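Below: one structure, written as structure tokens.
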Amino acid sequence: MASSNLKISGLCKRYGDFTALAPTDLEVANGEFLTLLGPSGSGKTTLLSLIAGLSQPDEGTMLINGVDVTYGAPYERDIGMVFQNYALFPHMTVAENIAFPLKMRNVDAAQARKQAAQALEMVRLPQLAQRFPKELSGGQQQRIALARCMVYRPSIILMDEPLGALDKKLRDHMQLEIKRIHRELGTTIVYVTHDQEEAMTMSDRICLMNGGRIEQLGTPADLYFRPHSLFVADFLGESNLFEATVSAATANGVTLALDQGRVSAGAANHGTPLKTGQKIRVLVRPQNLSVQRGTTATPCLTAEVLDVMITGSLTKLYLTAAFAGDTPITVAFPTSQQTPDFRIGETLSLHWQAADAVAIAE
Amino acid sequence: MSAASLSPASMNARRSTQRKLLLGAPLLLLLLTLLVYPVAQLLLLSFYKDGTLSFASYRQLFASSVYVNVLLITLKVSLWTTLFAVLAGYPVAYLISSLPQQKKSSLLFWVLLSFWSSFLVRAFAWIVLLGRNGVVNQLLLALGIVNAPMNLLYSFGSTMVGMVHALMPLAILTMLSVMENIDRNLPRAALTLGARPGSAFWRVYFPLSLPGVAAAAIMVFVTAIGFFIFPALLGGRRETMITQIIIDQVQQTLNWGFAGAISVFLLIVVLAVFALYDKLLGLSTMTGSSSDRARPVAASGWSHAAGDAVLTLLAKATDQLAALMPRRKLRKSRRASEPGQSRGMYGVVFVLLAFLSVPTVLMIPLSFASTASLNWPPRGFSFQWYAQMFHSPLWMQALTRSLVVGIGSGVLAMLIGTPAAFLLARTQMRGKSLMLAFVLSPIIVPRMIIAVGMFYLFARVGLVGTTLGLILGHTVIAVPYVVMTMMAVLRNYDTRLDLAAQSLGARPMQTLRHVTFPILMAGLLSSFLFAFATSFDELTISLFASGGLNSTLPKQFWDEVTLQISPVIAAVSTCLFVFVALLIWVADRLRRRSLAR
């Protein structure tokens, strides 16, 4: 078995003057769960439909299990696809829907019935075989769509925002279901979503897309802790981005000057090497910022309290400061009875560990 | 009982019942007096002879084989028309439904243009086209396929061509309303599941489009069975259809009883077809909404198995045919992203649309010819036929009358139909589907039966030959279209806007005036246009109810065209064609404006 299931090189799609997908390279390993994440219009759905063979690329090549399928028809690729609205055939029963791909592969009827029953077991809905799609709830339709895809064991399953239409609780449950099925089958899954939390929860790797190109490709932790660009830093999770100037650069980090050179702070650097004097942004996640009442001896960043909110397990503090511009600074810490009673308008000093901050070139 | 003794709840219930009655009453009254009563009267007449109960009319109907043969011919012509109109309409509807909005509108324009063009104009176009010196014969001669002009007119073939041409737009539009509701992802999903394009079409798309096919078939069949224009103008004596017999009986012999007997027969056939349809598919599929039934019919049993086998066969055959085509594997090809948008498909649809549009367009050069013959190609250039038309008091009177009647019945149909649409779209009540069926009955009952019944009624109350009589008659025909258009508009209307207005302090009438009607304006106007166009092209009722002298435009057209064909008619046709094109353009602008809001 080849270690790389899907290999895309230089794949590109244009609609007139509009570039839906700039030349893109991507490799997906066997059994991997890869998520294409991005805002609408970022090219993630274009890329997915190119992989499915539902649209044709303008340039580039695509190999599935080492076979060139760049311009091949969807039915010639070893893929399965779960559509956003499930696309269950309304005139067929659940059992007929699931047996459809087997019928298309000329599997004999008895064998097809057996396999369809197994697939239904897999999604834990064996009692629904004789129902029509219209009679099922959204979550059930979703699972049937999944079963219809798994039943012929395609080497790649493509999923186009499959949980978009479900409510939050059901979505959380289905995320676990999909993960479980992925584990049991070991199939490669390419998953499209615009929900960053969903992407973080489910993926082995995330391919974050923006403006028709890949912004960054890596594990959820890579993208969260080591973003290469402002877009990545901003898109994944909550973030504070401060303007800063590089005052010294070493191999594993930089020293920064903030607040018009008044304050000095450290940060890690994972992207392109930075030069002294370069204007950059520094990313600090809300939970990595700590606050203290009053000021300290060494010069430090200060900010005024705008608002305090208990959001559940986290308490969030919104601060304003001249060095941060118009955007409020967010600080988060575990909700606790011992939290001091911050007053609105109170001045606090801000700190962070150099390892928790990331310097990002603009 | 005094009002004080009633609980507020029952007062409220009473008021709402009163409101429902008020909304629905005008329409009920109109249909009862001008549709149910006259038609019932006519049907009753068939059982009387010289004032006594008798079956003489029915004995006459079945006495000789003449009328039975006419019945059989009518059925034969209608069935073949249905078959061809649906077959030819399917690819057009399929392609249009799959296109993005912009391209869709431009293709749809040609279908609508044909749909709204007068049947008379189109029949006349075919007379000219298929004549001894017409375009078709000239073309065949020029290509050397024939040596002498052929007799193409007045045959089964010419009748078929004309009728299919006339009813194909109806078939296309009916199928389109169903196809547009089919999720385009379904055939795509079939492709990703391993189905070849042929299998994806026959096993997934086609079964889902079947309700549309059935709805189109029934609409075409019911319309065709009541046709007389095309068989009369394009057919020979052997293509006489049953409605022509009714006309003869009424106009020449005033034999009401016999006309009634034929009407009974016609009505039974039509109702039987509808009953069969309802039994198989449910009438609700006709309005384009998906069937209410949760389970598709015949999901089990031998008919399902047989259908499955046929579809499998078709799928295999199509896929194997496609596999025979030369294929360059792994090379960049212009494979259509959407199944069924291939060049071949475009080609077929282009030819079909040309078949729909070209005949009427060919009238235009002929109307500017300087010779009196309608031979192809036209010779010379002159405005003389237009001048003749504008100087003819007959044509001008007919035009004025048609405009007055059209506007009158348009307004009346709107006034009566809109409240009824509110009632049907907004309120919950028992017998709603029955009410809807009743409202649609002027479309279902063959026009000829309504016309003859109305004529009998009008003759007794002195409405024959009056403008009022025509307006009333046309209103009956136009009102279902108004109700359907307005119901569709109301379904898209967000009633929360009314609630918002009321929460802001507007009283019900103020809400209607300042919020509801301004938003519905475009819908109201387009339903008016719909009603106006229906009246403007109405011939059957006018044929009787306009009396001998004061004819409408279609009646004048009919009288002229049955007497002799002249370039003046080509000039009139051109004017009507341009007028219709303008109407569609205006209606389309209105629709876009209402969507843009």
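By order of appearance in the structure tokens: chains A, B, ..., then residues from 1 within every chain, and ligands from 1 in the order shown.
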Near-Pro57 (chain A) list (10 Å; only C-alpha atoms; drop same-chain fewer than 2 positions) as a CSV table (one decimal) with C-alpha atoms, in the first residue's frame:
chain,number,residue,atom,x,y,z
A,10,GLY,CA,0.2,22.4,-9.3
A,11,LEU,CA,-3.5,21.9,-9.4
A,12,CYS,CA,-5.2,25.1,-10.5
A,13,LYS,CA,-8.8,26.3,-11.4
A,14,ARG,CA,-9.9,29.5,-12.9
A,21,LEU,CA,-7.6,27.8,-6.8
A,23,PRO,CA,-1.5,26.3,-8.3
A,46,THR,CA,-13.2,24.1,-5.3
A,47,LEU,CA,-10.4,21.9,-4.2
A,49,SER,CA,-14.8,19.2,-6.1
A,50,LEU,CA,-11.6,18.9,-8.1
A,51,ILE,CA,-10.6,15.9,-6.0
A,53,GLY,CA,-13.9,15.0,-10.3
A,54,LEU,CA,-17.0,17.1,-10.3
A,55,SER,CA,-15.1,19.9,-11.9
A,59,GLU,CA,-3.6,22.8,-14.9
A,60,GLY,CA,-1.8,20.4,-12.6
A,61,THR,CA,-2.0,16.7,-11.9
A,62,MET,CA,-3.7,14.5,-9.3
A,70,THR,CA,-6.6,14.5,-13.1
A,71,TYR,CA,-9.2,14.5,-15.8
B,332,LYS,CA,-7.5,17.4,-20.8
*Name the residues of region 155-359 of chain A that come out as strand (DSSP E or B) in a backbone DSSP run; write them as a VMD selection string.*
chain A and resid 156 to 160 188 to 193 205 to 210 213 to 218 240 to 249 254 to 258 263 to 268 279 to 284 290 to 293 301 to 310 314 to 320 329 to 334 347 to 351 357 to 359
Counting only C-alpha atoms, which residues from chain A have an atom at most 10 Å from any atom of chain B, and could you show them as an MDAnalysis selection string? chainID A and resid 52:59 61 68:93 97:98 100:105 131:135 148:149 152 154 158
- Val361 (chain B): which residues within 10 Å, counting only C-alpha atoms, same-chain residues fewer than 5 positions away excluded, as number ranges by chain? B: 122, 125, 354, 356, 366, 573-574, 577-578
Members of region 37-286 of chain B assigned helix (DSSP H, G or I) by DSSP, as a compact mmCIF listing (two decimals) with C-alpha atoms, in the first residue's frame:
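Output below, filename selection07.txt:
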# COMPACT_ATOMS: atom_id res chain seq x y z
CA TYR B 37 -74.57 26.70 -13.77
CA PRO B 38 -74.10 27.05 -17.54
CA VAL B 39 -72.12 23.81 -17.85
CA ALA B 40 -74.69 21.92 -15.77
CA GLN B 41 -77.42 23.45 -17.91
CA LEU B 42 -75.70 22.28 -21.07
CA LEU B 43 -75.18 18.80 -19.70
CA LEU B 44 -78.84 18.64 -18.67
CA LEU B 45 -79.91 19.74 -22.14
CA ALA B 56 -82.13 10.77 -28.37
CA SER B 57 -78.93 12.82 -28.39
CA TYR B 58 -76.89 9.91 -27.11
CA ARG B 59 -78.55 7.54 -29.57
CA GLN B 60 -77.56 9.97 -32.33
CA LEU B 61 -74.00 10.09 -30.98
CA PHE B 62 -73.56 6.33 -31.15
CA ALA B 63 -75.95 5.59 -34.01
CA SER B 65 -69.75 5.35 -36.76
CA VAL B 66 -69.19 8.99 -37.80
CA TYR B 67 -69.05 10.50 -34.34
CA VAL B 68 -67.38 7.51 -32.76
CA ASN B 69 -64.68 7.85 -35.39
CA VAL B 70 -64.31 11.53 -34.60
CA LEU B 71 -63.91 10.60 -30.96
CA LEU B 72 -61.25 8.07 -31.81
CA ILE B 73 -59.43 10.57 -34.03
CA THR B 74 -59.57 13.16 -31.26
CA LEU B 75 -58.04 10.68 -28.84
CA LYS B 76 -55.43 9.60 -31.38
CA VAL B 77 -54.38 13.17 -32.23
CA SER B 78 -54.28 14.13 -28.53
CA LEU B 79 -52.23 11.10 -27.53
CA TRP B 80 -49.65 11.56 -30.28
CA THR B 81 -49.47 15.28 -29.53
CA THR B 82 -48.88 14.50 -25.86
CA LEU B 83 -46.19 11.96 -26.67
CA PHE B 84 -44.26 14.23 -29.03
CA ALA B 85 -44.69 17.42 -26.99
CA VAL B 86 -43.39 15.72 -23.83
CA LEU B 87 -40.58 13.88 -25.61
CA ALA B 88 -39.39 17.01 -27.38
CA GLY B 89 -39.95 19.20 -24.36
CA TYR B 90 -37.97 17.00 -21.95
CA PRO B 91 -34.43 17.85 -23.14
CA VAL B 92 -35.29 21.55 -23.32
CA ALA B 93 -36.67 21.59 -19.78
CA TYR B 94 -33.73 19.46 -18.60
CA LEU B 95 -31.11 21.81 -20.00
CA ILE B 96 -32.86 24.99 -18.87
CA SER B 97 -33.27 23.66 -15.34
CA SER B 98 -29.55 22.93 -15.10
CA GLN B 101 -29.70 32.08 -13.74
CA GLN B 102 -28.38 34.33 -16.50
CA LYS B 103 -28.29 31.71 -19.24
CA LYS B 104 -31.55 30.25 -17.98
CA SER B 105 -33.41 33.51 -18.53
CA SER B 106 -32.18 33.87 -22.08
CA LEU B 107 -33.25 30.35 -23.09
CA LEU B 108 -36.50 30.64 -21.17
CA PHE B 109 -37.34 33.80 -23.08
CA TRP B 110 -37.77 31.81 -26.30
CA VAL B 111 -39.99 29.26 -24.61
CA LEU B 112 -42.12 31.99 -23.04
CA LEU B 113 -42.32 33.92 -26.29
CA SER B 114 -43.70 30.85 -27.95
CA PHE B 115 -45.95 30.05 -24.98
CA TRP B 116 -47.54 33.48 -25.03
CA PHE B 119 -52.25 29.93 -31.16
CA LEU B 120 -53.83 31.60 -34.17
CA VAL B 121 -50.64 33.38 -35.14
CA ARG B 122 -48.72 30.14 -34.85
CA ALA B 123 -51.29 28.16 -36.82
CA PHE B 124 -51.21 30.82 -39.53
CA ALA B 125 -47.41 30.67 -39.57
CA TRP B 126 -47.56 26.94 -40.29
CA ILE B 127 -50.11 27.45 -43.07
CA VAL B 128 -47.65 29.79 -44.76
CA LEU B 129 -44.63 27.66 -43.94
CA LEU B 130 -46.08 24.40 -45.20
CA VAL B 135 -40.47 27.93 -46.94
CA VAL B 136 -40.38 24.18 -46.45
CA ASN B 137 -41.25 23.32 -50.04
CA GLN B 138 -38.85 25.97 -51.36
CA LEU B 139 -36.11 24.52 -49.19
CA LEU B 140 -36.82 20.95 -50.31
CA LEU B 141 -36.80 22.09 -53.97
CA ALA B 142 -33.60 24.05 -53.57
CA PHE B 156 -52.35 14.30 -40.15
CA GLY B 157 -48.70 15.31 -40.33
CA SER B 158 -49.35 19.04 -40.57
CA THR B 159 -51.90 18.85 -37.75
CA MET B 160 -49.34 17.07 -35.58
CA VAL B 161 -46.58 19.57 -36.36
CA GLY B 162 -48.88 22.45 -35.51
CA MET B 163 -50.23 20.93 -32.33
CA VAL B 164 -46.87 19.79 -31.01
CA HIS B 165 -45.52 23.24 -31.78
CA ALA B 166 -48.48 24.78 -29.96
CA LEU B 167 -48.29 22.64 -26.82
CA MET B 168 -44.56 22.02 -26.43
CA PRO B 169 -44.05 25.25 -24.44
CA LEU B 170 -46.75 24.15 -22.00
CA ALA B 171 -45.02 20.78 -21.61
CA ILE B 172 -41.63 22.44 -21.11
CA LEU B 173 -42.87 24.90 -18.50
CA THR B 174 -44.74 22.21 -16.57
CA MET B 175 -41.74 19.86 -16.50
CA LEU B 176 -39.44 22.76 -15.66
CA SER B 177 -41.36 23.55 -12.48
CA VAL B 178 -40.71 20.01 -11.25
CA MET B 179 -37.13 19.74 -12.52
CA ASN B 185 -26.37 17.32 -6.23
CA LEU B 186 -28.26 14.03 -6.59
CA PRO B 187 -26.95 13.04 -10.05
CA ARG B 188 -23.53 14.31 -8.96
CA ALA B 189 -23.70 12.17 -5.85
CA ALA B 190 -24.54 9.20 -8.09
CA LEU B 191 -21.38 9.89 -10.12
CA THR B 192 -19.20 9.91 -7.01
CA PRO B 197 -23.54 9.30 -16.55
CA GLY B 198 -26.20 7.10 -18.16
CA SER B 199 -26.91 5.28 -14.91
CA ALA B 200 -26.90 8.54 -12.97
CA PHE B 201 -29.51 9.95 -15.33
CA TRP B 202 -31.82 6.94 -15.70
CA ARG B 203 -31.65 5.65 -12.15
CA VAL B 204 -31.59 8.93 -10.23
CA TYR B 205 -32.61 11.98 -12.24
CA PHE B 206 -35.24 10.46 -14.50
CA PRO B 207 -37.35 8.79 -11.77
CA LEU B 208 -37.35 12.07 -9.87
CA SER B 209 -38.48 14.00 -12.93
CA LEU B 210 -41.34 11.59 -13.66
CA PRO B 211 -43.98 13.59 -11.74
CA GLY B 212 -43.13 16.52 -14.01
CA VAL B 213 -43.44 14.33 -17.08
CA ALA B 214 -46.82 13.08 -15.90
CA ALA B 215 -48.04 16.58 -15.07
CA ALA B 216 -46.89 17.84 -18.47
CA ALA B 217 -48.56 14.90 -20.20
CA ILE B 218 -51.90 15.49 -18.52
CA MET B 219 -51.82 19.24 -19.18
CA VAL B 220 -50.96 18.73 -22.83
CA PHE B 221 -53.49 15.94 -23.28
CA VAL B 222 -56.36 17.86 -21.71
CA THR B 223 -55.56 20.96 -23.74
CA ALA B 224 -55.12 18.99 -26.95
CA ILE B 225 -58.42 17.17 -26.59
CA ILE B 229 -57.79 25.81 -34.14
CA PHE B 230 -55.03 23.54 -35.40
CA PRO B 231 -57.12 20.66 -36.74
CA ALA B 232 -59.44 23.18 -38.41
CA LEU B 233 -56.68 25.23 -40.04
CA LEU B 234 -53.96 22.65 -40.65
CA ARG B 237 -61.38 16.44 -43.28
CA ARG B 238 -60.03 13.25 -41.70
CA GLU B 239 -58.51 15.23 -38.81
CA ILE B 242 -64.69 16.62 -31.43
CA THR B 243 -64.76 20.30 -30.52
CA GLN B 244 -65.29 21.17 -34.17
CA ILE B 245 -68.44 19.04 -34.11
CA ILE B 246 -69.66 21.00 -31.10
CA ILE B 247 -69.04 24.28 -32.96
CA ASP B 248 -70.94 22.99 -35.99
CA GLN B 249 -73.85 21.79 -33.87
CA VAL B 250 -74.19 25.13 -32.12
CA GLN B 251 -73.40 27.55 -34.93
CA TRP B 256 -78.08 22.18 -28.02
CA GLY B 257 -79.02 18.72 -26.91
CA PHE B 258 -76.51 17.06 -29.20
CA ALA B 259 -73.79 19.61 -28.35
CA GLY B 260 -74.53 18.81 -24.72
CA ALA B 261 -74.21 15.08 -25.31
CA ILE B 262 -70.81 15.49 -26.95
CA SER B 263 -69.77 17.76 -24.10
CA VAL B 264 -70.75 15.13 -21.55
CA PHE B 265 -68.62 12.63 -23.36
CA LEU B 266 -65.65 14.97 -23.59
CA LEU B 267 -65.95 15.90 -19.93
CA ILE B 268 -66.05 12.25 -18.88
CA VAL B 269 -62.85 11.52 -20.79
CA VAL B 270 -61.07 14.51 -19.26
CA LEU B 271 -62.24 13.79 -15.73
CA ALA B 272 -61.29 10.14 -16.10
CA VAL B 273 -57.78 11.18 -17.10
CA PHE B 274 -57.52 13.45 -14.07
CA ALA B 275 -58.89 10.79 -11.76
CA LEU B 276 -56.33 8.32 -13.07
CA TYR B 277 -53.57 10.86 -12.58
CA ASP B 278 -54.66 11.64 -9.05
CA LYS B 279 -54.80 7.94 -8.25
CA LEU B 280 -51.28 7.35 -9.57
CA LEU B 281 -49.43 10.47 -8.52
CA LEU B 283 -52.81 16.14 -7.97
CA SER B 284 -50.56 18.16 -5.68
CA THR B 285 -47.56 17.28 -7.85
CA MET B 286 -49.08 19.41 -10.59
*Do you know which residues are at most 8 Å from region 201-214 of chain A counting only C-alpha atoms, after dropping those on the same chain fewer than 5 positions away, and could you put them as a list of chain:residue names?*
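Selected residues are A:Thr19, A:Ala20, A:Leu21, A:Ala22, A:Pro23, A:Thr24, A:Glu32, A:Phe33, A:Leu34, A:Thr35, A:Leu36, A:Leu37, A:Gly38, A:Pro39, A:Gly41, A:Ser42, A:Gly43, A:Lys44, A:Gln175, A:Lys179, A:Thr219, A:Pro220, A:Leu223, A:Val232.
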A straight line from CA of Met435 (chain B) to CA of Ile471 (chain B) spans 23.4 Å
Exercise for review: Provide the CA of Leu539 (chain B) to CA of Leu34 (chain B) distance in Å, to one decimal place.
Suggested key: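 Answer for the CA of Leu539 (chain B) to CA of Leu34 (chain B) separation: 17.2 Å.
The shell of residues at most 9 Å from Leu236 (chain A), with only C-alpha atoms counted and near chain neighbours (fewer than 3 positions) removed, consists of A:Gln196, A:Glu197, A:Met200, A:Leu223, A:Tyr224, A:Pro227, A:Phe231, A:Val232, A:Ala233, A:Ser239.
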